[in-house]
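What follows is the content of model.csv, which has CSV, C-alpha atoms:
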chain,number,residue,atom,x,y,z
A,919,MET,CA,43.7,67.9,44.4
A,920,ARG,CA,44.0,64.7,46.4
A,921,LYS,CA,41.8,66.3,49.2
A,922,THR,CA,39.3,67.4,46.6
A,923,LEU,CA,39.1,63.9,45.1
A,924,SER,CA,38.7,62.3,48.5
A,925,ALA,CA,35.9,64.7,49.3
A,926,ILE,CA,34.1,63.9,46.1
A,927,ILE,CA,34.4,60.2,46.7
A,928,VAL,CA,33.1,60.5,50.3
A,929,THR,CA,30.2,62.7,49.1
A,930,PHE,CA,29.3,60.2,46.4
A,931,MET,CA,29.3,57.3,48.9
A,932,LEU,CA,27.1,59.2,51.3
A,933,VAL,CA,24.6,60.1,48.6
A,934,ALA,CA,24.6,56.5,47.2
A,935,SER,CA,23.9,55.1,50.6
A,936,PHE,CA,20.5,56.9,50.7
A,937,ILE,CA,19.5,55.9,47.2
A,938,PRO,CA,16.5,53.5,47.6
A,939,VAL,CA,16.3,50.3,45.7
A,940,TYR,CA,13.0,50.3,43.8
A,941,ALA,CA,10.6,47.4,43.6
A,942,THR,CA,9.1,46.9,40.1
A,943,ASN,CA,5.5,45.9,40.7
A,944,ILE,CA,2.9,45.6,43.3
A,945,SER,CA,0.1,43.1,42.4
A,946,ILE,CA,-3.1,42.9,44.4
A,947,ASP,CA,-5.5,40.0,43.3
A,948,LYS,CA,-3.5,39.7,40.1
A,949,GLN,CA,-3.9,43.4,39.2
A,950,ASN,CA,-0.8,45.6,39.2
A,951,VAL,CA,-1.1,48.8,41.2
A,952,GLN,CA,-0.2,51.8,39.0
A,953,PHE,CA,2.3,54.3,40.4
A,954,THR,CA,3.5,57.6,39.1
A,955,GLU,CA,6.1,60.2,40.1
A,956,THR,CA,3.1,62.1,41.6
A,957,SER,CA,1.9,59.3,43.7
A,958,GLY,CA,5.3,58.1,44.6
A,959,MET,CA,7.1,54.8,43.8
A,960,PRO,CA,7.6,51.6,45.9
A,961,PHE,CA,11.1,51.0,47.2
A,962,ILE,CA,13.1,48.6,49.4
A,963,ASP,CA,14.0,50.2,52.8
A,964,SER,CA,17.1,49.6,54.9
A,965,ALA,CA,15.4,46.5,56.6
A,966,ASN,CA,14.9,45.1,53.1
A,967,ARG,CA,11.1,45.5,53.3
A,968,THR,CA,9.0,46.9,50.5
A,969,GLN,CA,7.6,50.4,51.3
A,970,VAL,CA,4.7,51.6,49.2
A,971,PRO,CA,2.8,54.9,48.8
A,972,PHE,CA,0.0,54.7,51.4
A,973,ARG,CA,-3.0,56.2,49.6
A,974,GLN,CA,-2.4,54.8,46.1
A,975,THR,CA,-1.9,51.2,47.4
A,976,MET,CA,-4.6,51.0,50.0
A,977,GLU,CA,-7.2,52.6,47.7
A,978,ALA,CA,-6.2,50.0,45.1
A,979,PHE,CA,-6.7,47.4,47.8
A,980,GLY,CA,-10.3,48.7,48.3
A,981,ALA,CA,-9.8,50.4,51.6
A,982,THR,CA,-10.9,53.8,52.8
A,983,VAL,CA,-7.9,55.8,53.9
A,984,SER,CA,-7.4,58.8,56.2
A,985,TRP,CA,-4.4,60.8,57.6
A,986,ASP,CA,-4.1,62.2,61.1
A,987,SER,CA,-1.5,64.9,60.6
A,988,ALA,CA,-1.3,65.9,64.3
A,989,ASN,CA,-0.3,62.4,65.4
A,990,LYS,CA,1.2,61.3,62.1
A,991,ILE,CA,-0.9,58.2,61.9
A,992,ALA,CA,-2.2,56.7,58.6
A,993,THR,CA,-5.5,54.8,58.8
A,994,ALA,CA,-7.1,52.3,56.4
A,995,GLU,CA,-10.5,50.6,56.9
A,996,LYS,CA,-12.0,47.7,55.0
A,997,ASN,CA,-14.6,45.1,55.8
A,998,GLY,CA,-15.0,46.2,59.4
A,999,ILE,CA,-11.2,46.1,60.0
A,1000,THR,CA,-9.3,49.2,61.0
A,1001,VAL,CA,-5.5,49.3,60.7
A,1002,GLN,CA,-3.5,52.3,61.9
A,1003,VAL,CA,0.0,52.9,60.8
A,1004,PRO,CA,2.0,55.3,63.0
A,1005,ILE,CA,5.0,56.9,61.4
A,1006,GLY,CA,8.5,56.0,62.6
A,1007,VAL,CA,7.7,53.1,64.9
A,1008,SER,CA,8.1,49.3,64.4
A,1009,TYR,CA,4.5,48.3,64.9
A,1010,ILE,CA,1.0,48.8,63.4
A,1011,ILE,CA,-2.4,48.7,65.2
A,1012,LYS,CA,-5.2,46.5,64.1
A,1013,ASP,CA,-8.6,47.1,65.8
A,1014,GLY,CA,-6.8,48.6,68.8
A,1015,GLN,CA,-4.3,45.7,69.1
A,1016,GLN,CA,-0.6,46.4,68.5
A,1017,ILE,CA,1.2,44.2,66.1
A,1018,THR,CA,5.1,44.2,66.1
A,1019,ASN,CA,6.8,44.7,62.8
A,1020,ASP,CA,10.5,44.7,61.8
A,1021,THR,CA,10.4,48.0,60.0
A,1022,ALA,CA,8.5,51.3,60.3
A,1023,ALA,CA,6.3,53.5,58.1
A,1024,LEU,CA,7.9,56.7,57.0
A,1025,ILE,CA,7.4,60.1,55.3
A,1026,LYS,CA,9.6,60.6,52.2
A,1027,ASP,CA,9.4,63.5,49.8
A,1028,GLY,CA,6.2,64.6,51.5
A,1029,ARG,CA,4.4,61.3,51.0
A,1030,THR,CA,3.5,58.6,53.4
A,1031,TYR,CA,4.9,55.2,52.8
A,1032,LEU,CA,3.9,52.0,54.6
A,1033,PRO,CA,5.4,48.5,54.9
A,1034,ILE,CA,2.9,46.7,52.5
A,1035,ARG,CA,3.3,43.2,53.8
A,1036,ALA,CA,2.5,43.9,57.5
A,1037,VAL,CA,-0.5,46.1,56.6
A,1038,LEU,CA,-2.1,43.8,54.0
A,1039,GLU,CA,-1.5,40.8,56.2
A,1040,ALA,CA,-3.4,42.6,59.0
A,1041,PHE,CA,-6.4,42.7,56.7
A,1042,GLY,CA,-6.0,38.9,56.1
A,1043,ALA,CA,-4.3,39.1,52.7
A,1044,SER,CA,-1.6,36.6,51.8
A,1045,VAL,CA,1.6,38.5,50.7
A,1046,SER,CA,4.7,37.0,49.0
A,1047,TRP,CA,7.6,38.0,46.9
A,1048,ASP,CA,8.1,36.8,43.3
A,1049,GLY,CA,11.8,37.2,42.8
A,1050,SER,CA,11.7,36.3,39.1
A,1051,THR,CA,9.5,39.4,38.3
A,1052,GLN,CA,10.5,41.6,41.2
A,1053,THR,CA,6.9,41.7,42.3
A,1054,VAL,CA,5.1,41.9,45.7
A,1055,VAL,CA,2.1,39.6,45.2
A,1056,ALA,CA,-1.0,40.0,47.5
A,1057,LEU,CA,-4.1,37.8,47.4
A,1058,THR,CA,-7.2,38.6,49.3
A,1059,THR,CA,-9.5,35.8,48.2
A,1060,GLY,CA,-9.5,32.6,46.1
A,1061,GLY,CA,-6.1,31.4,47.0
A,1062,THR,CA,-2.8,32.0,48.8
A,1063,THR,CA,0.8,32.4,47.8
A,1064,THR,CA,2.1,30.6,50.8
A,1065,ALA,CA,1.1,27.8,53.2
A,1066,ALA,CA,-2.6,27.8,53.8
A,1067,ASN,CA,-3.8,29.6,56.9
A,1068,ASP,CA,-5.0,26.3,58.4
A,1069,SER,CA,-1.4,25.0,58.4
A,1070,PHE,CA,-0.8,27.6,61.2
A,1071,GLU,CA,-3.6,26.2,63.3
A,1072,GLY,CA,-2.3,25.6,66.9
A,1073,TYR,CA,0.6,28.1,66.4
A,1074,LYS,CA,0.8,31.7,67.3
A,1075,LYS,CA,2.3,33.8,64.5
A,1076,ILE,CA,4.9,36.2,65.8
A,1077,VAL,CA,7.5,38.6,64.2
A,1078,VAL,CA,11.2,38.2,65.1
A,1079,ASN,CA,13.9,40.4,63.7
A,1080,GLY,CA,16.1,38.5,61.4
A,1081,GLY,CA,19.3,39.6,63.2
A,1082,ASP,CA,18.0,38.9,66.7
A,1083,MET,CA,21.0,37.1,68.4
A,1084,SER,CA,19.0,35.9,71.4
A,1085,GLY,CA,19.1,32.1,71.5
A,1086,SER,CA,15.7,31.6,73.1
A,1087,ARG,CA,12.5,30.6,71.3
A,1088,GLU,CA,8.8,30.8,72.2
A,1089,ALA,CA,6.8,27.6,72.3
A,1090,ASN,CA,4.1,26.8,69.8
A,1091,VAL,CA,4.8,29.7,67.4
A,1092,VAL,CA,5.3,30.2,63.7
A,1093,VAL,CA,7.9,32.8,62.5
A,1094,ASP,CA,8.9,34.0,59.0
A,1095,ILE,CA,12.6,33.4,58.7
A,1096,GLY,CA,12.9,34.6,55.1
A,1097,TYR,CA,15.1,37.6,54.5
A,1098,GLY,CA,13.3,40.6,53.1
A,1099,ASP,CA,9.9,39.7,51.5
A,1100,ARG,CA,10.7,35.9,51.3
A,1101,GLU,CA,8.2,33.7,53.2
A,1102,TYR,CA,10.0,30.8,55.0
A,1103,TRP,CA,7.9,29.5,57.9
A,1104,ALA,CA,9.5,28.1,61.1
A,1105,PHE,CA,7.5,26.2,63.7
A,1106,THR,CA,8.3,25.4,67.3
A,1107,ASN,CA,6.8,22.8,69.6
A,1108,ALA,CA,5.6,23.0,73.2
A,1109,TYR,CA,9.2,22.8,74.4
A,1110,GLY,CA,10.5,25.7,72.2
A,1111,GLN,CA,12.3,23.3,69.9
A,1112,LEU,CA,12.5,24.1,66.2
A,1113,ILE,CA,10.7,21.2,64.6
A,1114,LYS,CA,9.7,22.3,61.1
A,1115,VAL,CA,10.6,24.8,58.4
A,1116,THR,CA,8.6,25.2,55.1
A,1117,ALA,CA,8.9,27.4,52.0
A,1118,LYS,CA,6.9,27.3,48.9
A,1119,GLN,CA,9.9,28.7,47.0
A,1120,ILE,CA,13.5,29.1,48.0
A,1121,ILE,CA,14.8,32.4,46.4
A,1122,LEU,CA,18.6,32.7,46.4
A,1123,GLN,CA,20.5,35.5,48.0
A,1124,ASP,CA,21.1,38.5,45.7
A,1125,ASP,CA,24.3,40.3,46.6
A,1126,VAL,CA,23.5,43.0,44.0
A,1127,THR,CA,20.2,44.2,45.4
A,1128,GLU,CA,20.5,43.0,49.0
A,1129,PRO,CA,22.9,44.3,51.7
A,1130,VAL,CA,25.1,41.2,51.8
A,1131,LYS,CA,28.3,41.4,53.8
A,1132,SER,CA,31.7,40.5,52.4
A,1133,ASN,CA,31.5,37.0,54.1
A,1134,GLY,CA,28.2,36.3,52.4
A,1135,ARG,CA,26.1,36.9,55.5
A,1136,TYR,CA,23.2,39.2,56.0
A,1137,TYR,CA,24.1,39.8,59.7
A,1138,ASN,CA,27.3,39.9,61.7
A,1139,ASP,CA,26.6,36.8,63.8
A,1140,GLU,CA,24.0,34.1,64.3
A,1141,ALA,CA,21.7,33.4,67.3
A,1142,ALA,CA,23.3,31.8,70.3
A,1143,VAL,CA,20.9,28.8,70.6
A,1144,PRO,CA,21.9,26.6,73.5
A,1145,GLY,CA,24.4,24.0,72.3
A,1146,THR,CA,26.1,26.2,69.8
A,1147,GLU,CA,28.6,27.2,72.4
A,1148,LEU,CA,30.1,23.7,72.3
A,1149,SER,CA,33.3,23.4,70.3
A,1150,ASN,CA,32.1,20.7,68.0
A,1151,TYR,CA,28.8,22.4,67.0
A,1152,ASP,CA,28.2,25.3,64.6
A,1153,GLN,CA,25.3,27.9,64.6
A,1154,GLY,CA,23.8,26.0,61.7
A,1155,HIS,CA,21.2,27.6,59.5
A,1156,VAL,CA,18.3,25.4,58.5
A,1157,ILE,CA,18.0,27.7,55.4
A,1158,ALA,CA,21.4,29.3,54.7
A,1159,ASP,CA,22.1,33.0,54.1
A,1160,SER,CA,22.9,32.0,50.5
A,1161,LEU,CA,19.3,30.7,50.2
A,1162,GLY,CA,17.7,33.7,51.7
A,1163,GLY,CA,17.5,32.7,55.3
A,1164,VAL,CA,17.9,35.0,58.4
A,1165,SER,CA,20.1,34.4,61.5
A,1166,ASN,CA,17.7,34.4,64.4
A,1167,ALA,CA,17.0,31.4,66.7
A,1168,TYR,CA,14.1,30.2,64.6
A,1169,ASN,CA,16.5,29.4,61.7
A,1170,ILE,CA,19.5,28.2,63.8
A,1171,THR,CA,20.1,24.8,65.4
A,1172,PRO,CA,23.4,23.5,66.8
A,1173,GLN,CA,24.8,21.4,63.9
A,1174,GLU,CA,27.9,19.2,64.1
A,1175,SER,CA,30.6,21.2,62.5
A,1176,THR,CA,31.9,18.8,59.9
A,1177,MET,CA,28.4,17.9,58.8
A,1178,ASN,CA,27.4,21.6,58.6
A,1179,ARG,CA,30.5,22.7,56.7
A,1180,TYR,CA,31.4,19.8,54.5
A,1181,GLY,CA,28.8,17.0,54.9
A,1182,ASP,CA,25.2,16.5,54.0
A,1183,GLN,CA,24.0,19.9,55.0
A,1184,ALA,CA,26.6,21.7,52.9
A,1185,TYR,CA,26.0,19.4,50.0
A,1186,MET,CA,22.3,20.0,50.0
A,1187,GLU,CA,22.7,23.8,50.1
A,1188,LYS,CA,25.1,23.7,47.2
A,1189,SER,CA,22.7,21.6,45.1
A,1190,ILE,CA,19.9,24.1,45.7
A,1191,ARG,CA,22.3,27.0,44.9
A,1192,ASP,CA,23.6,25.4,41.7
A,1193,ALA,CA,20.0,24.8,40.6
A,1194,GLY,CA,19.0,28.5,41.1
A,1195,GLY,CA,16.6,27.7,44.0
A,1196,CYS,CA,14.0,25.1,44.6
A,1197,THR,CA,10.3,24.7,45.5
A,1198,ASP,CA,8.1,22.9,48.1
A,1199,PHE,CA,10.9,22.9,50.7
A,1200,GLU,CA,10.3,21.3,54.0
A,1201,ALA,CA,12.6,20.4,56.9
A,1202,ILE,CA,11.5,18.2,59.7
A,1203,ILE,CA,13.8,18.3,62.8
A,1204,THR,CA,13.8,15.8,65.6
A,1205,TYR,CA,15.4,15.6,69.0
A,1206,PRO,CA,16.5,12.8,71.4
A,1207,ASP,CA,14.4,14.3,74.2
A,1208,THR,CA,12.4,17.4,75.2
A,1209,THR,CA,15.1,19.3,77.1
A,1210,THR,CA,17.8,19.8,74.5
A,1211,GLN,CA,18.0,22.2,71.6
A,1212,ILE,CA,20.6,20.0,69.8
A,1213,PRO,CA,18.7,18.0,67.1
A,1214,SER,CA,19.4,14.3,66.5
A,1215,HIS,CA,18.1,14.1,62.9
A,1216,TYR,CA,17.1,16.2,59.9
A,1217,HIS,CA,14.7,15.2,57.2
A,1218,TYR,CA,14.5,17.4,54.1
A,1219,THR,CA,12.2,17.3,51.1
A,1220,TYR,CA,12.3,19.7,48.2
A,1221,THR,CA,11.7,19.9,44.5
A,1222,LEU,CA,14.7,20.6,42.3
A,1223,LYS,CA,14.1,21.1,38.5
A,1224,GLY,CA,10.9,19.0,38.7
A,1225,ASN,CA,12.5,16.2,40.8
A,1226,VAL,CA,11.4,15.6,44.4
A,1227,ILE,CA,14.5,15.2,46.5
A,1228,THR,CA,14.6,13.5,49.9
A,1229,GLU,CA,17.5,14.0,52.3
A,1230,ASP,CA,17.9,12.2,55.7
A,1231,PHE,CA,20.9,12.6,57.9
A,1232,ASP,CA,21.8,12.5,61.6
A,1233,ASN,CA,23.4,15.4,63.4
A,1234,VAL,CA,26.8,13.7,63.7
A,1235,ASN,CA,30.3,13.9,62.2
A,1236,PRO,CA,30.1,11.9,58.9
A,1237,ASP,CA,33.8,11.2,58.9
A,1238,GLU,CA,33.6,9.4,62.2
A,1239,VAL,CA,30.5,7.5,61.2
A,1240,ASN,CA,32.0,6.4,57.9
A,1241,LYS,CA,35.2,5.5,59.5
A,1242,THR,CA,33.5,3.0,61.9
A,1243,ILE,CA,31.4,1.6,59.0
A,1244,SER,CA,34.1,1.3,56.3
A,1245,GLU,CA,37.3,0.6,58.2
A,1246,PRO,CA,37.8,-3.0,59.3
A,1247,THR,CA,38.7,-3.9,62.9
A,1248,GLN,CA,42.3,-4.8,63.3
A,1249,SER,CA,42.5,-8.5,64.2
A,1250,ASP,CA,46.2,-8.2,65.0
A,1251,SER,CA,46.9,-5.1,67.0
A,1252,SER,CA,50.6,-5.5,66.2
A,1253,GLN,CA,49.9,-4.7,62.6
A,1254,SER,CA,49.6,-1.0,61.6
A,1255,PRO,CA,47.5,0.1,58.7
A,1256,THR,CA,49.2,1.1,55.4
A,1257,SER,CA,48.0,2.9,52.3
A,1258,ASN,CA,47.6,-0.4,50.6
A,1259,GLU,CA,45.4,-2.0,53.3
A,1260,SER,CA,42.2,-3.5,52.0
A,1261,HIS,CA,38.9,-1.9,53.1
A,1262,ASP,CA,35.3,-2.9,52.7
A,1263,ILE,CA,33.8,-0.4,50.2
A,1264,SER,CA,30.7,-2.4,49.4
A,1265,THR,CA,28.5,0.2,51.1
A,1266,ILE,CA,30.0,3.0,49.0
A,1267,ASP,CA,30.8,1.3,45.6
A,1268,LYS,CA,27.2,1.1,44.3
A,1269,ASN,CA,28.0,-0.6,41.0
A,1270,GLY,CA,30.4,-3.1,42.5
A,1271,ASN,CA,33.3,-2.4,40.2
A,1272,GLY,CA,35.8,-2.0,42.9
A,1273,LYS,CA,36.2,1.7,42.3
A,1274,VAL,CA,34.5,4.7,44.0
A,1275,THR,CA,33.3,7.8,42.0
A,1276,ILE,CA,33.2,11.3,43.4
A,1277,GLN,CA,29.4,11.1,43.5
A,1278,GLU,CA,29.4,7.7,45.3
A,1279,ALA,CA,31.8,9.2,47.9
A,1280,LYS,CA,29.6,12.3,48.4
A,1281,ASP,CA,26.4,10.1,48.6
A,1282,ALA,CA,28.1,8.2,51.4
A,1283,GLY,CA,28.8,11.4,53.3
A,1284,PHE,CA,32.5,11.9,52.6
A,1285,PRO,CA,33.5,15.6,52.4
A,1286,MET,CA,35.4,16.7,49.3
A,1287,PRO,CA,38.2,16.7,48.4
A,1288,ILE,CA,39.6,13.3,49.1
A,1289,THR,CA,43.4,13.7,49.6
A,1290,LYS,CA,46.2,11.2,49.1
A,1291,ASP,CA,46.5,10.4,52.8
A,1292,HIS,CA,42.8,9.4,53.0
A,1293,TRP,CA,42.2,5.6,53.0
A,1294,LEU,CA,39.5,6.1,50.3
A,1295,TYR,CA,41.9,7.7,47.9
A,1296,GLN,CA,43.3,4.4,46.6
A,1297,TYR,CA,39.9,3.4,45.3
A,1298,MET,CA,39.3,6.7,43.3
A,1299,ASP,CA,40.5,8.1,40.0
A,1300,ASP,CA,42.9,11.0,40.4
A,1301,ARG,CA,43.1,11.9,36.8
A,1302,ASP,CA,45.3,14.9,37.1
A,1303,GLY,CA,47.7,13.2,39.5
A,1304,ASP,CA,47.7,16.0,42.0
A,1305,GLY,CA,47.1,13.8,45.1
A,1306,MET,CA,43.5,15.1,45.4
A,1307,VAL,CA,40.1,14.0,44.1
A,1308,GLY,CA,36.9,16.0,44.0
A,1309,GLU,CA,38.6,19.4,44.4
Just dump the structure as structure tokens.
Amino acid sequence: MRKTLSAIIVTFMLVASFIPVYATNISIDKQNVQFTETSGMPFIDSANRTQVPFRQTMEAFGATVSWDSANKIATAEKNGITVQVPIGVSYIIKDGQQITNDTAALIKDGRTYLPIRAVLEAFGASVSWDGSTQTVVALTTGGTTTAANDSFEGYKKIVVNGGDMSGSREANVVVDIGYGDREYWAFTNAYGQLIKVTAKQIILQDDVTEPVKSNGRYYNDEAAVPGTELSNYDQGHVIADSLGGVSNAYNITPQESTMNRYGDQAYMEKSIRDAGGCTDFEAIITYPDTTTQIPSHYHYTYTLKGNVITEDFDNVNPDEVNKTISEPTQSDSSQSPTSNESHDISTIDKNGNGKVTIQEAKDAGFPMPITKDHWLYQYMDDRDGDGMVGE
């Protein structure tokens, strides 16, 4: 009986692993494409990309379609552009030029399915994902769903797998670092330094419909960008996994560990998560010189529930910085500090009442919680008397 039950469980798990996750809608120029059981239904593949029935979608797009059964190549033509989609390979061919993709077209239940985003973008359409309605949105004229094409001027658009662990970056390129159908754009300069990341909308990670690991990550590791091997730096995401970011080198910079885990970076990410996402996100990243990949400063702007938020912080340990700012220099080296020692809290205590609130401490860069052995504890209100504030 026990062996039979185990066999049933294993069989169920194997079957469940092949059940596709279906997308709800495909919208082209604000018109939903109609799918039936006969035409086939869109679904999310193992690379978290939307696959759609080839003929139904491309004819709705206004393209002429054909199928080469001998070579297993689907072809669509429109406005003088020809796009070929070979089955089972991670690229498509536009007017004879191969374009790398991070997933492949396939045949399922006798029907041809293609990765919609890669193919429609090859025709010049703008494609994005509306998480609120579970809809792939494509626009061919009269507007775009992401940054305007002219914002890419001077940059070569390339595709990099989200789980690529290589730490190297190409110079003067733009890469989509959004997981699945999200569009988060990362830009590099002439020295291969990551200098800007933009997103029209930050869509939170969904651990129900997306293959999220037990540690909250999409991938087993992050890219080994030079500098991340140092003991005091993390492989820091510009846009975290929890906010829908991937783990390749175009979303990773060496971030000071305390700042990344408990300081400004962590606090910003939590604010966005708690708000259910944000819009008009932009990160500007600067460096002390042209040779290092370790940033010196981060400047973030984003809109949270209608409010434009600006965040500026250096890539340093906030505890060390605040210690040098807030703790007075000992005039008498023979005196050792005690818990009752007076400190200058004027830069932290914004209302000048001699007390520090949790928010004031966070704004000053102090990681939570503040424990009893921390010098700031004596200025805070430990209401439950557990020797800890801000837990």
Answer as a ChimeraX atom specification, residues within 12 Å of (9.3, 39.1, 48.6) using only C-alpha atoms: /A:941-945,962,966-969,1033-1035,1044-1056,1063-1064,1094,1096-1102,1119-1123,1128,1162
Residue nearest Tyr1009 (chain A) among A:Ala1282, A:Gly1080, A:Asn989, A:Leu1032 (counting only C-alpha atoms): A:Leu1032
Shell of 12 Å around region 980-982 of chain A, all atoms listed in the file, local chain residues under 5 positions omitted, as a PyMOL selection string: chain A and resi 946-947+951+972-975+992-1002+1037-1038+1041+1058
Length of the CA of Thr1221 (chain A) to CA of Cys1196 (chain A) vector [Å]: 5.7 Å
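The closest residue to Arg1029 (chain A), picked from A:Ser1008, A:Ser1086, A:Ser957, A:Asn1235 and counting all atoms listed in the file, is A:Ser957.
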For Gly1181 (chain A): contacts at 8 Å, all atoms listed in the file, fewer than 5 positions along chain excluded, given as a ChimeraX atom specification: /A:1176,1236,1283-1285
Who sits within 8 Å of Val1078 (chain A), only C-alpha atoms, same chain under 4 positions skipped, as a VMD selection string: chain A and resid 1020 1082 1093 to 1094 1166
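Across A:Lys1118, A:Arg1087, A:Lys1280, A:Lys990, the tightest approach to Tyr1031 (chain A) is made by A:Lys990 when counting all atoms listed in the file.
Using only C-alpha atoms, the smallest distance between any of A:Ala1201, A:Leu1148, A:Ile1095, A:Ala1193 and Ala1167 (chain A) comes from A:Ile1095.
The interatomic distance for the pair CA of Ala1036 (chain A) and CA of Tyr1137 (chain A) works out to 22.1 Å.
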Atoms are missing here; could region 975-989 of chain A be completed with N, CA, C and O atoms and written as a PDB file, in the coordinates of the input?
ATOM      1  N   THR A 975      -1.791  52.672  47.227  1.00  0.00           N
ATOM      2  CA  THR A 975      -1.900  51.200  47.400  1.00  0.00           C
ATOM      3  C   THR A 975      -3.120  50.787  48.124  1.00  0.00           C
ATOM      4  O   THR A 975      -3.792  49.842  47.706  1.00  0.00           O
ATOM      5  N   MET A 976      -3.466  51.466  49.227  1.00  0.00           N
ATOM      6  CA  MET A 976      -4.600  51.000  50.000  1.00  0.00           C
ATOM      7  C   MET A 976      -5.942  51.298  49.287  1.00  0.00           C
ATOM      8  O   MET A 976      -6.909  50.538  49.444  1.00  0.00           O
ATOM      9  N   GLU A 977      -6.001  52.349  48.484  1.00  0.00           N
ATOM     10  CA  GLU A 977      -7.200  52.600  47.700  1.00  0.00           C
ATOM     11  C   GLU A 977      -7.331  51.496  46.600  1.00  0.00           C
ATOM     12  O   GLU A 977      -8.430  51.024  46.291  1.00  0.00           O
ATOM     13  N   ALA A 978      -6.214  51.076  46.016  1.00  0.00           N
ATOM     14  CA  ALA A 978      -6.200  50.000  45.100  1.00  0.00           C
ATOM     15  C   ALA A 978      -6.657  48.666  45.737  1.00  0.00           C
ATOM     16  O   ALA A 978      -7.265  47.786  45.120  1.00  0.00           O
ATOM     17  N   PHE A 979      -6.356  48.550  47.015  1.00  0.00           N
ATOM     18  CA  PHE A 979      -6.700  47.400  47.800  1.00  0.00           C
ATOM     19  C   PHE A 979      -8.233  47.414  48.162  1.00  0.00           C
ATOM     20  O   PHE A 979      -8.810  46.404  48.565  1.00  0.00           O
ATOM     21  N   GLY A 980      -8.859  48.595  47.973  1.00  0.00           N
ATOM     22  CA  GLY A 980     -10.300  48.700  48.300  1.00  0.00           C
ATOM     23  C   GLY A 980     -10.586  49.258  49.637  1.00  0.00           C
ATOM     24  O   GLY A 980     -11.723  49.156  50.127  1.00  0.00           O
ATOM     25  N   ALA A 981      -9.582  49.834  50.290  1.00  0.00           N
ATOM     26  CA  ALA A 981      -9.800  50.400  51.600  1.00  0.00           C
ATOM     27  C   ALA A 981     -10.071  51.863  51.588  1.00  0.00           C
ATOM     28  O   ALA A 981      -9.721  52.559  50.641  1.00  0.00           O
ATOM     29  N   THR A 982     -10.737  52.348  52.630  1.00  0.00           N
ATOM     30  CA  THR A 982     -10.900  53.800  52.800  1.00  0.00           C
ATOM     31  C   THR A 982      -9.770  54.288  53.673  1.00  0.00           C
ATOM     32  O   THR A 982      -9.418  53.682  54.694  1.00  0.00           O
ATOM     33  N   VAL A 983      -9.149  55.392  53.258  1.00  0.00           N
ATOM     34  CA  VAL A 983      -7.900  55.800  53.900  1.00  0.00           C
ATOM     35  C   VAL A 983      -8.122  57.238  54.515  1.00  0.00           C
ATOM     36  O   VAL A 983      -8.950  58.035  54.040  1.00  0.00           O
ATOM     37  N   SER A 984      -7.374  57.518  55.574  1.00  0.00           N
ATOM     38  CA  SER A 984      -7.400  58.800  56.200  1.00  0.00           C
ATOM     39  C   SER A 984      -6.013  59.109  56.800  1.00  0.00           C
ATOM     40  O   SER A 984      -5.215  58.182  57.002  1.00  0.00           O
ATOM     41  N   TRP A 985      -5.747  60.383  57.104  1.00  0.00           N
ATOM     42  CA  TRP A 985      -4.400  60.800  57.600  1.00  0.00           C
ATOM     43  C   TRP A 985      -4.601  61.712  58.798  1.00  0.00           C
ATOM     44  O   TRP A 985      -5.276  62.741  58.698  1.00  0.00           O
ATOM     45  N   ASP A 986      -4.054  61.362  59.945  1.00  0.00           N
ATOM     46  CA  ASP A 986      -4.100  62.200  61.100  1.00  0.00           C
ATOM     47  C   ASP A 986      -2.721  62.931  61.183  1.00  0.00           C
ATOM     48  O   ASP A 986      -1.703  62.385  61.632  1.00  0.00           O
ATOM     49  N   SER A 987      -2.717  64.176  60.702  1.00  0.00           N
ATOM     50  CA  SER A 987      -1.500  64.900  60.600  1.00  0.00           C
ATOM     51  C   SER A 987      -0.887  65.304  61.931  1.00  0.00           C
ATOM     52  O   SER A 987       0.336  65.399  62.083  1.00  0.00           O
ATOM     53  N   ALA A 988      -1.777  65.522  62.935  1.00  0.00           N
ATOM     54  CA  ALA A 988      -1.300  65.900  64.300  1.00  0.00           C
ATOM     55  C   ALA A 988      -0.477  64.812  64.915  1.00  0.00           C
ATOM     56  O   ALA A 988       0.580  65.061  65.508  1.00  0.00           O
ATOM     57  N   ASN A 989      -0.967  63.566  64.797  1.00  0.00           N
ATOM     58  CA  ASN A 989      -0.300  62.400  65.400  1.00  0.00           C
ATOM     59  C   ASN A 989       0.548  61.600  64.468  1.00  0.00           C
ATOM     60  O   ASN A 989       1.162  60.616  64.866  1.00  0.00           O
TER      61      ASN A 989
END
